[in-house]
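Note: the block below is final-v6.txt and it holds compact mmCIF, C-alpha atoms and all ligand atoms.
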```
# COMPACT_ATOMS: atom_id res chain seq x y z
CA MET A 1 -7.47 -12.90 -9.71
CA THR A 2 -7.75 -14.44 -6.29
CA THR A 3 -6.57 -18.03 -6.55
CA PHE A 4 -3.14 -19.51 -6.84
CA TYR A 5 -4.46 -21.77 -9.60
CA GLU A 6 -5.44 -18.74 -11.67
CA PHE A 7 -2.11 -17.05 -10.95
CA GLN A 8 -0.15 -20.06 -12.17
CA ARG A 9 -2.32 -20.36 -15.26
CA GLN A 10 -1.71 -16.74 -16.29
CA PHE A 11 1.87 -16.42 -15.10
CA PRO A 12 3.58 -19.81 -15.36
CA ASP A 13 7.10 -18.42 -15.89
CA ASP A 14 9.36 -15.39 -16.50
CA GLU A 15 8.34 -15.20 -20.14
CA ALA A 16 4.67 -14.83 -19.34
CA CYS A 17 5.42 -12.14 -16.73
CA LEU A 18 7.70 -10.11 -19.03
CA LYS A 19 5.19 -10.36 -21.85
CA ARG A 20 2.50 -9.05 -19.54
CA ILE A 21 4.64 -6.04 -18.61
CA MET A 22 5.16 -5.37 -22.34
CA VAL A 23 1.38 -5.48 -22.80
CA GLU A 24 0.78 -3.10 -19.88
CA ARG A 25 3.49 -0.64 -20.91
CA TYR A 26 3.62 -0.84 -24.71
CA GLY A 27 0.42 -2.63 -25.66
CA GLY A 28 2.33 -5.77 -26.59
CA THR A 29 5.51 -6.76 -28.44
CA GLU A 30 4.42 -5.21 -31.72
CA LEU A 31 4.69 -1.44 -31.57
CA ASP A 32 6.06 1.77 -33.04
CA CYS A 33 9.72 1.74 -32.04
CA PRO A 34 10.47 4.66 -29.69
CA LYS A 35 13.90 5.01 -31.40
CA CYS A 36 13.48 4.54 -35.16
CA GLY A 37 9.73 5.09 -35.26
CA ALA A 38 9.09 2.10 -37.52
CA HIS A 39 6.25 -0.23 -36.65
CA GLY A 40 7.37 -3.77 -36.09
CA LYS A 41 7.99 -6.69 -33.84
CA PHE A 42 10.21 -6.63 -30.79
CA TYR A 43 12.09 -9.85 -30.20
CA ARG A 44 12.97 -11.21 -26.81
CA LEU A 45 16.65 -11.25 -25.96
CA THR A 46 17.04 -14.39 -23.94
CA ARG A 47 20.14 -13.40 -21.97
CA ASP A 48 18.89 -9.97 -20.94
CA ARG A 49 15.50 -8.93 -19.67
CA ALA A 50 15.10 -6.98 -22.90
CA TYR A 51 13.23 -6.81 -26.19
CA LEU A 52 14.89 -5.85 -29.46
CA CYS A 53 13.52 -3.74 -32.34
CA GLN A 54 13.52 -5.77 -35.56
CA HIS A 55 14.59 -2.71 -37.56
CA CYS A 56 17.14 -0.73 -35.54
CA LYS A 57 18.03 -3.20 -32.76
CA HIS A 58 16.87 -0.69 -30.13
CA HIS A 59 16.48 -2.36 -26.72
CA ILE A 60 13.42 -2.04 -24.52
CA TYR A 61 13.88 -3.10 -20.90
CA PRO A 62 10.35 -3.63 -19.59
CA CYS A 63 11.43 -3.85 -15.93
CA VAL A 64 12.94 -0.36 -15.85
CA GLY A 65 10.89 1.83 -13.55
CA THR A 66 9.28 -1.13 -11.80
CA PRO A 67 10.10 -2.43 -8.30
CA MET A 68 12.16 -5.22 -9.89
CA GLU A 69 14.37 -2.90 -11.97
CA ARG A 70 17.59 -3.36 -10.03
CA SER A 71 16.94 -6.90 -8.91
CA ARG A 72 18.44 -10.11 -10.25
CA THR A 73 15.64 -12.14 -8.73
CA PRO A 74 13.53 -13.70 -11.52
CA VAL A 75 10.50 -11.68 -12.59
CA HIS A 76 8.26 -14.67 -11.90
CA LYS A 77 9.29 -14.61 -8.23
CA TRP A 78 8.45 -10.91 -8.07
CA PHE A 79 5.03 -11.60 -9.52
CA TYR A 80 4.46 -14.41 -7.05
CA ALA A 81 5.55 -12.16 -4.17
CA MET A 82 3.08 -9.49 -5.29
CA PHE A 83 0.40 -12.15 -5.54
CA LEU A 84 1.13 -13.17 -1.93
CA PHE A 85 0.94 -9.55 -0.74
CA THR A 86 -2.45 -9.06 -2.33
CA ASN A 87 -3.91 -12.35 -1.16
CA THR A 88 -3.39 -12.00 2.54
CA ARG A 89 -5.34 -10.29 5.28
CA HIS A 90 -2.45 -10.00 7.69
CA GLY A 91 0.51 -9.13 5.50
CA VAL A 92 3.58 -11.13 4.53
CA SER A 93 6.76 -11.34 6.58
CA ALA A 94 10.21 -11.46 5.01
CA LYS A 95 10.64 -14.90 6.59
CA GLU A 96 7.52 -16.14 4.83
CA LEU A 97 8.68 -14.70 1.48
CA GLN A 98 12.06 -16.33 1.95
CA ARG A 99 10.37 -19.71 2.45
CA GLN A 100 7.91 -19.36 -0.40
CA LEU A 101 10.33 -17.97 -2.99
CA GLY A 102 13.51 -19.77 -2.05
CA VAL A 103 15.52 -16.53 -1.85
CA THR A 104 17.79 -15.26 0.91
CA TYR A 105 16.31 -13.39 3.86
CA LYS A 106 18.03 -10.20 2.74
CA THR A 107 16.52 -10.45 -0.74
CA ALA A 108 13.10 -11.27 0.68
CA TRP A 109 13.27 -8.29 3.02
CA ARG A 110 14.21 -5.93 0.19
CA MET A 111 11.50 -7.31 -2.09
CA ALA A 112 8.89 -6.88 0.63
CA HIS A 113 9.81 -3.25 1.09
CA GLU A 114 9.86 -2.51 -2.63
CA ILE A 115 6.42 -4.09 -2.99
CA ARG A 116 5.03 -2.08 -0.06
CA LYS A 117 6.31 1.14 -1.62
CA PHE A 118 4.79 0.12 -4.93
CA MET A 119 1.43 -0.63 -3.28
CA ALA A 120 1.49 2.87 -1.78
CA ASP A 121 2.21 4.44 -5.18
CA VAL A 122 -0.49 2.47 -6.93
CA ASP A 123 -3.08 3.20 -4.25
CA GLY A 124 -2.46 6.95 -4.34
CA GLU A 125 -4.85 9.28 -2.54
CA THR A 126 -8.33 10.19 -3.70
CA PRO A 127 -10.16 13.04 -1.95
CA LEU A 128 -12.62 11.89 0.71
CA GLY A 129 -16.09 13.36 1.04
CA GLY A 130 -19.56 12.86 2.49
CA VAL A 131 -19.20 11.55 6.01
CA VAL A 132 -15.57 11.07 6.98
CA GLU A 133 -14.28 9.48 10.18
CA ALA A 134 -10.93 10.75 11.44
CA ASP A 135 -9.00 9.17 14.28
CA GLU A 136 -5.50 8.76 15.63
CA THR A 137 -3.80 5.86 17.35
CA LEU A 138 -0.51 4.63 18.75
CA VAL A 139 1.14 1.62 17.17
CA GLY A 140 4.03 -0.32 18.66
CA GLY A 141 4.96 -1.28 22.15
CA LYS A 142 7.78 -1.70 24.53
CA VAL A 143 11.27 -2.40 23.28
CA LYS A 144 14.44 -3.16 25.18
CA GLY A 145 16.11 0.09 26.13
CA LYS A 146 19.64 0.84 27.18
CA GLY A 147 20.33 0.26 30.81
CA ARG A 148 17.31 -0.70 32.81
CA GLY A 149 14.39 -2.54 31.34
CA TYR A 150 12.13 -1.36 28.60
CA ARG A 151 11.12 1.90 27.07
CA GLU A 152 7.97 2.82 25.23
CA ASN A 153 8.44 2.91 21.52
CA LYS A 154 5.15 3.92 20.00
CA THR A 155 4.44 5.65 16.73
CA THR A 156 1.42 7.81 16.06
CA VAL A 157 -0.74 7.03 13.05
CA PHE A 158 -3.56 9.21 11.78
CA GLY A 159 -6.33 7.85 9.57
CA MET A 160 -9.52 8.85 7.83
CA ILE A 161 -12.25 6.78 6.19
CA GLU A 162 -15.02 8.02 3.97
CA ARG A 163 -18.06 6.12 5.18
CA GLY A 164 -18.47 3.19 2.81
CA GLY A 165 -15.45 4.36 0.79
CA ASP A 166 -11.70 4.80 0.83
CA LEU A 167 -9.26 5.04 3.66
CA MET A 168 -6.10 7.11 3.93
CA ALA A 169 -3.70 6.69 6.81
CA LYS A 170 -0.23 7.93 7.60
CA VAL A 171 2.40 8.11 10.27
CA VAL A 172 2.45 11.54 11.94
CA PRO A 173 4.97 13.14 14.31
CA ASP A 174 2.29 14.15 16.84
CA VAL A 175 -1.43 14.82 17.21
CA LYS A 176 -1.22 18.60 17.38
CA ARG A 177 -3.75 20.67 15.50
CA ARG A 178 -1.10 22.08 13.19
CA THR A 179 -0.19 18.52 12.20
CA LEU A 180 -3.64 16.98 11.78
CA GLU A 181 -5.71 19.83 10.40
CA PRO A 182 -3.61 20.35 7.24
CA ILE A 183 -3.91 16.63 6.46
CA ILE A 184 -7.68 16.88 6.78
CA ARG A 185 -7.84 20.01 4.62
CA GLU A 186 -5.67 18.39 2.01
CA ASN A 187 -7.64 15.16 1.77
CA VAL A 188 -11.26 15.91 2.67
CA GLU A 189 -13.52 17.95 0.42
CA PRO A 190 -14.82 21.18 2.00
CA GLY A 191 -18.35 20.92 3.31
CA SER A 192 -17.97 17.27 4.27
CA THR A 193 -19.00 16.01 7.68
CA VAL A 194 -16.06 14.94 9.82
CA HIS A 195 -16.53 12.67 12.81
CA THR A 196 -13.79 12.62 15.43
CA ASP A 197 -13.25 11.98 19.10
CA GLU A 198 -12.94 14.98 21.41
CA LEU A 199 -9.25 15.58 20.95
CA ARG A 200 -8.63 19.33 21.12
CA SER A 201 -6.72 19.27 17.83
CA TYR A 202 -10.03 18.85 16.00
CA LEU A 203 -11.82 21.74 17.67
CA SER A 204 -11.36 24.22 14.83
CA LEU A 205 -12.66 21.99 12.06
CA ASP A 206 -15.94 23.93 12.05
CA ARG A 207 -14.05 27.08 11.19
CA ALA A 208 -12.10 25.19 8.53
CA GLY A 209 -15.32 24.63 6.58
CA TYR A 210 -16.45 21.22 7.80
CA GLU A 211 -19.48 19.95 9.64
CA HIS A 212 -17.74 18.64 12.72
CA GLU A 213 -19.31 16.10 15.06
CA THR A 214 -17.60 14.49 17.99
CA VAL A 215 -18.04 11.37 20.02
CA ASN A 216 -16.90 11.53 23.62
CA HIS A 217 -14.80 8.45 24.29
CA GLY A 218 -13.70 9.79 27.65
CA ALA A 219 -17.25 9.56 28.95
CA GLY A 220 -17.53 5.97 27.77
CA GLU A 221 -19.55 7.03 24.79
CA TYR A 222 -18.78 5.25 21.54
CA VAL A 223 -21.70 6.02 19.29
CA ARG A 224 -23.72 9.21 19.44
CA GLU A 225 -26.63 8.98 17.05
CA ASP A 226 -24.82 8.42 13.77
CA CYS A 227 -21.54 9.87 14.96
CA HIS A 228 -18.76 7.38 15.46
CA VAL A 229 -15.27 6.46 14.28
CA ASN A 230 -15.87 2.71 14.33
CA ALA A 231 -14.56 2.05 10.84
CA VAL A 232 -11.18 3.66 11.54
CA GLU A 233 -11.01 1.90 14.88
CA GLY A 234 -11.72 -1.39 13.14
CA PHE A 235 -8.84 -0.67 10.78
CA TRP A 236 -6.51 0.14 13.72
CA ALA A 237 -7.47 -3.10 15.43
CA ARG A 238 -6.72 -5.19 12.37
CA LEU A 239 -3.47 -3.32 11.65
CA LYS A 240 -2.17 -3.88 15.17
CA LEU A 241 -3.27 -7.49 15.31
CA SER A 242 -1.62 -8.21 11.97
CA ILE A 243 1.62 -6.47 12.82
CA ARG A 244 1.84 -8.42 16.08
CA GLY A 245 0.93 -11.70 14.39
CA THR A 246 2.99 -11.38 11.22
CA HIS A 247 5.91 -9.15 12.09
CA VAL A 248 5.93 -9.13 15.92
CA HIS A 249 7.27 -5.57 15.84
CA VAL A 250 7.69 -2.87 13.22
CA SER A 251 9.95 0.08 13.96
CA GLY A 252 8.61 3.60 13.67
CA LYS A 253 11.02 4.20 10.83
CA HIS A 254 9.34 1.58 8.63
CA LEU A 255 5.78 1.74 9.93
CA GLN A 256 4.58 4.12 7.20
CA LYS A 257 5.19 1.46 4.52
CA TYR A 258 3.22 -1.16 6.46
CA VAL A 259 0.35 1.25 7.03
CA LYS A 260 0.21 1.94 3.28
CA GLU A 261 0.26 -1.78 2.52
CA PHE A 262 -2.81 -2.27 4.71
CA GLU A 263 -4.43 0.82 3.20
CA TYR A 264 -3.99 -0.66 -0.28
CA ARG A 265 -5.81 -3.84 0.69
CA TYR A 266 -8.48 -2.02 2.69
CA ASN A 267 -9.35 0.15 -0.31
CA ARG A 268 -9.90 -2.94 -2.42
CA ARG A 269 -11.76 -4.95 0.18
CA LYS A 270 -14.90 -5.00 -1.94
CA ARG A 271 -13.04 -5.73 -5.19
CA PRO A 272 -10.69 -8.62 -4.39
CA GLU A 273 -10.21 -9.31 -8.08
CA ARG A 274 -8.38 -5.98 -8.38
CA MET A 275 -5.93 -6.59 -5.55
CA PHE A 276 -3.32 -8.21 -7.76
CA GLY A 277 -4.53 -6.82 -11.08
CA ASP A 278 -4.05 -3.19 -10.04
CA LEU A 279 -0.39 -3.85 -9.23
CA VAL A 280 0.29 -5.61 -12.51
CA ALA A 281 -1.50 -2.89 -14.46
CA HIS A 282 0.83 -0.23 -12.96
CA LEU A 283 4.12 -1.99 -13.66
ZN ZN A 301 13.65 0.63 -33.96
```
Please express what this file holds, its structure, as structure tokens.
Amino acid sequence: MTTFYEFQRQFPDDEACLKRIMVERYGGTELDCPKCGAHGKFYRLTRDRAYLCQHCKHHIYPCVGTPMERSRTPVHKWFYAMFLFTNTRHGVSAKELQRQLGVTYKTAWRMAHEIRKFMADVDGETPLGGVVEADETLVGGKVKGKGRGYRENKTTVFGMIERGGDLMAKVVPDVKRRTLEPIIRENVEPGSTVHTDELRSYLSLDRAGYEHETVNHGAGEYVREDCHVNAVEGFWARLKLSIRGTHVHVSGKHLQKYVKEFEYRYNRRKRPERMFGDLVAHL
């Protein structure tokens, strides 16, 4: 689903959203009761976000275990917020959510973070293989420091893209070999070809069981034959542009969640119809 029209048609109100969660989690509102075991209808309790077994009055709370579990914000607003997050290229600020949903800034901010965490969970990590680009970058900029002027406040992010396939990226404490190499070993199938720049941390990848090729950025070289990290660099460029444009600044403490949000969308760039659908299916 990629249009607001389609969203509104499928999810016009709370009822439609709750019903959809029941379908995703229990196959509908007619099921074998987890408590009494009898097959039957579950009726909607209007005051609670709950469904009730026709036989034993057992309650099912479909929102338990979802990002909206502890929230009093209507389910429909949560669905709409998730729709916004999956239909943007540059992310959604809390201010924007506040405007669109008519909730307080605090609520909007919390919702945004819950949705980012959920996007990270749903995206998961699939092993990369074939030709994989690996690269590291600094995100952030100068912030006001104590005393005189500004201090640098940059956070290191490491990322890998299987050529033509998935991306995985994460915030890392540094770019030392003992930090980066385990992430590569954990996420890239042995025997794959790994393209990197000439950072020393990558020098032992050959011994780790990979075909390792480097491109020498220092010498002004960006593509050597087929060896480049252009896809990761493209992702960095968009990430930084979007953070500046949408959020102005993201602290290192929260950056991981934003990176994962962009990873989720990147990994569905060729299947826009699954952007929103994958979230709903995992509720
Ligand atoms: Zn029952």
Exercise for review: Select, counting only C-alpha atoms, all protein, DNA and RNA residues no farther than 7 Å from (7.7, 4.5, 21.4) in file coordinates, and express the selection as a list in words.
Suggested key: Gly140, Gly141, Lys142, Glu152, Asn153, Lys154 and Thr155 of chain A
Requested write-out: C-alpha atoms of the selected residues, as a CSV table (one decimal), keeping the file's coordinate frame:
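Output saved as out_20.csv:
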```csv
chain,number,residue,atom,x,y,z
A,140,GLY,CA,4.0,-0.3,18.7
A,141,GLY,CA,5.0,-1.3,22.2
A,142,LYS,CA,7.8,-1.7,24.5
A,152,GLU,CA,8.0,2.8,25.2
A,153,ASN,CA,8.4,2.9,21.5
A,154,LYS,CA,5.2,3.9,20.0
A,155,THR,CA,4.4,5.6,16.7
```
**Study point:** Expected residue set, 12 Å radius at (7.4, -13.1, -5.8), all atoms listed in the file, as a PyMOL selection string
**Key:** chain A and resi 7+11+13-14+17+67-68+71+73-86+92+94+96-103+107-112+114-115+276
Check your understanding: Hey, which residues come within 12 Å of ligand ZN 301 (chain A) if we count all atoms listed in the file? Could you give them as a ChimeraX atom specification?
Key -> /A:30-43,51-60
Revision key, fill the gap. Expressed in Å, the length from atom CA of A:Lys270 to atom CA of A:Asp166 is 10.7 Å
Review point. If we count only C-alpha atoms, what is near A:Glu198 at a cut-off of 8 Å, once residues fewer than 5 positions away on the same chain are taken out, given as a ChimeraX atom specification?
Key: /A:203,214-217
Practice item. Grab the atom CA of A:Leu167 to atom CA of A:Gly209 distance for me, in Å with one decimal place. Key: 20.7 Å
Review point. In Å to one decimal, how far is atom CA of A:Arg116 from atom CA of A:Phe235?
Key: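 Between atom CA of A:Phe235 and atom CA of A:Arg116 the gap is 17.7 Å.
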Check your understanding: A:Ile161: which residues within 12 Å, counting only C-alpha atoms, same-chain residues fewer than 6 positions away excluded, as an MDAnalysis selection string?
Key -> chainID A and resid 125:136 167:169 184 187:188 193:196 228:236 263 266:267
Practice item. Give the answer as one residue: which of A:Thr2, A:Asp226, A:Val171, A:Glu181 has the shortest atom-to-atom distance to A:Leu205, using only C-alpha atoms? Key: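 Comparing A:Thr2, A:Asp226, A:Val171, A:Glu181 against A:Leu205, the winner is A:Glu181.
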Review point. Using all atoms listed in the file, which residues sit within 12 Å of A:Leu241 once same-chain residues fewer than 3 positions away are excluded, as a PyMOL selection string?
Key: chain A and resi 89-91+139-140+234-238+244-249+262
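Counting all atoms listed in the file and comparing A:Phe4, A:Thr29, A:Glu15, A:Asp121, the residue that lies closest to A:Lys257 is A:Asp121.
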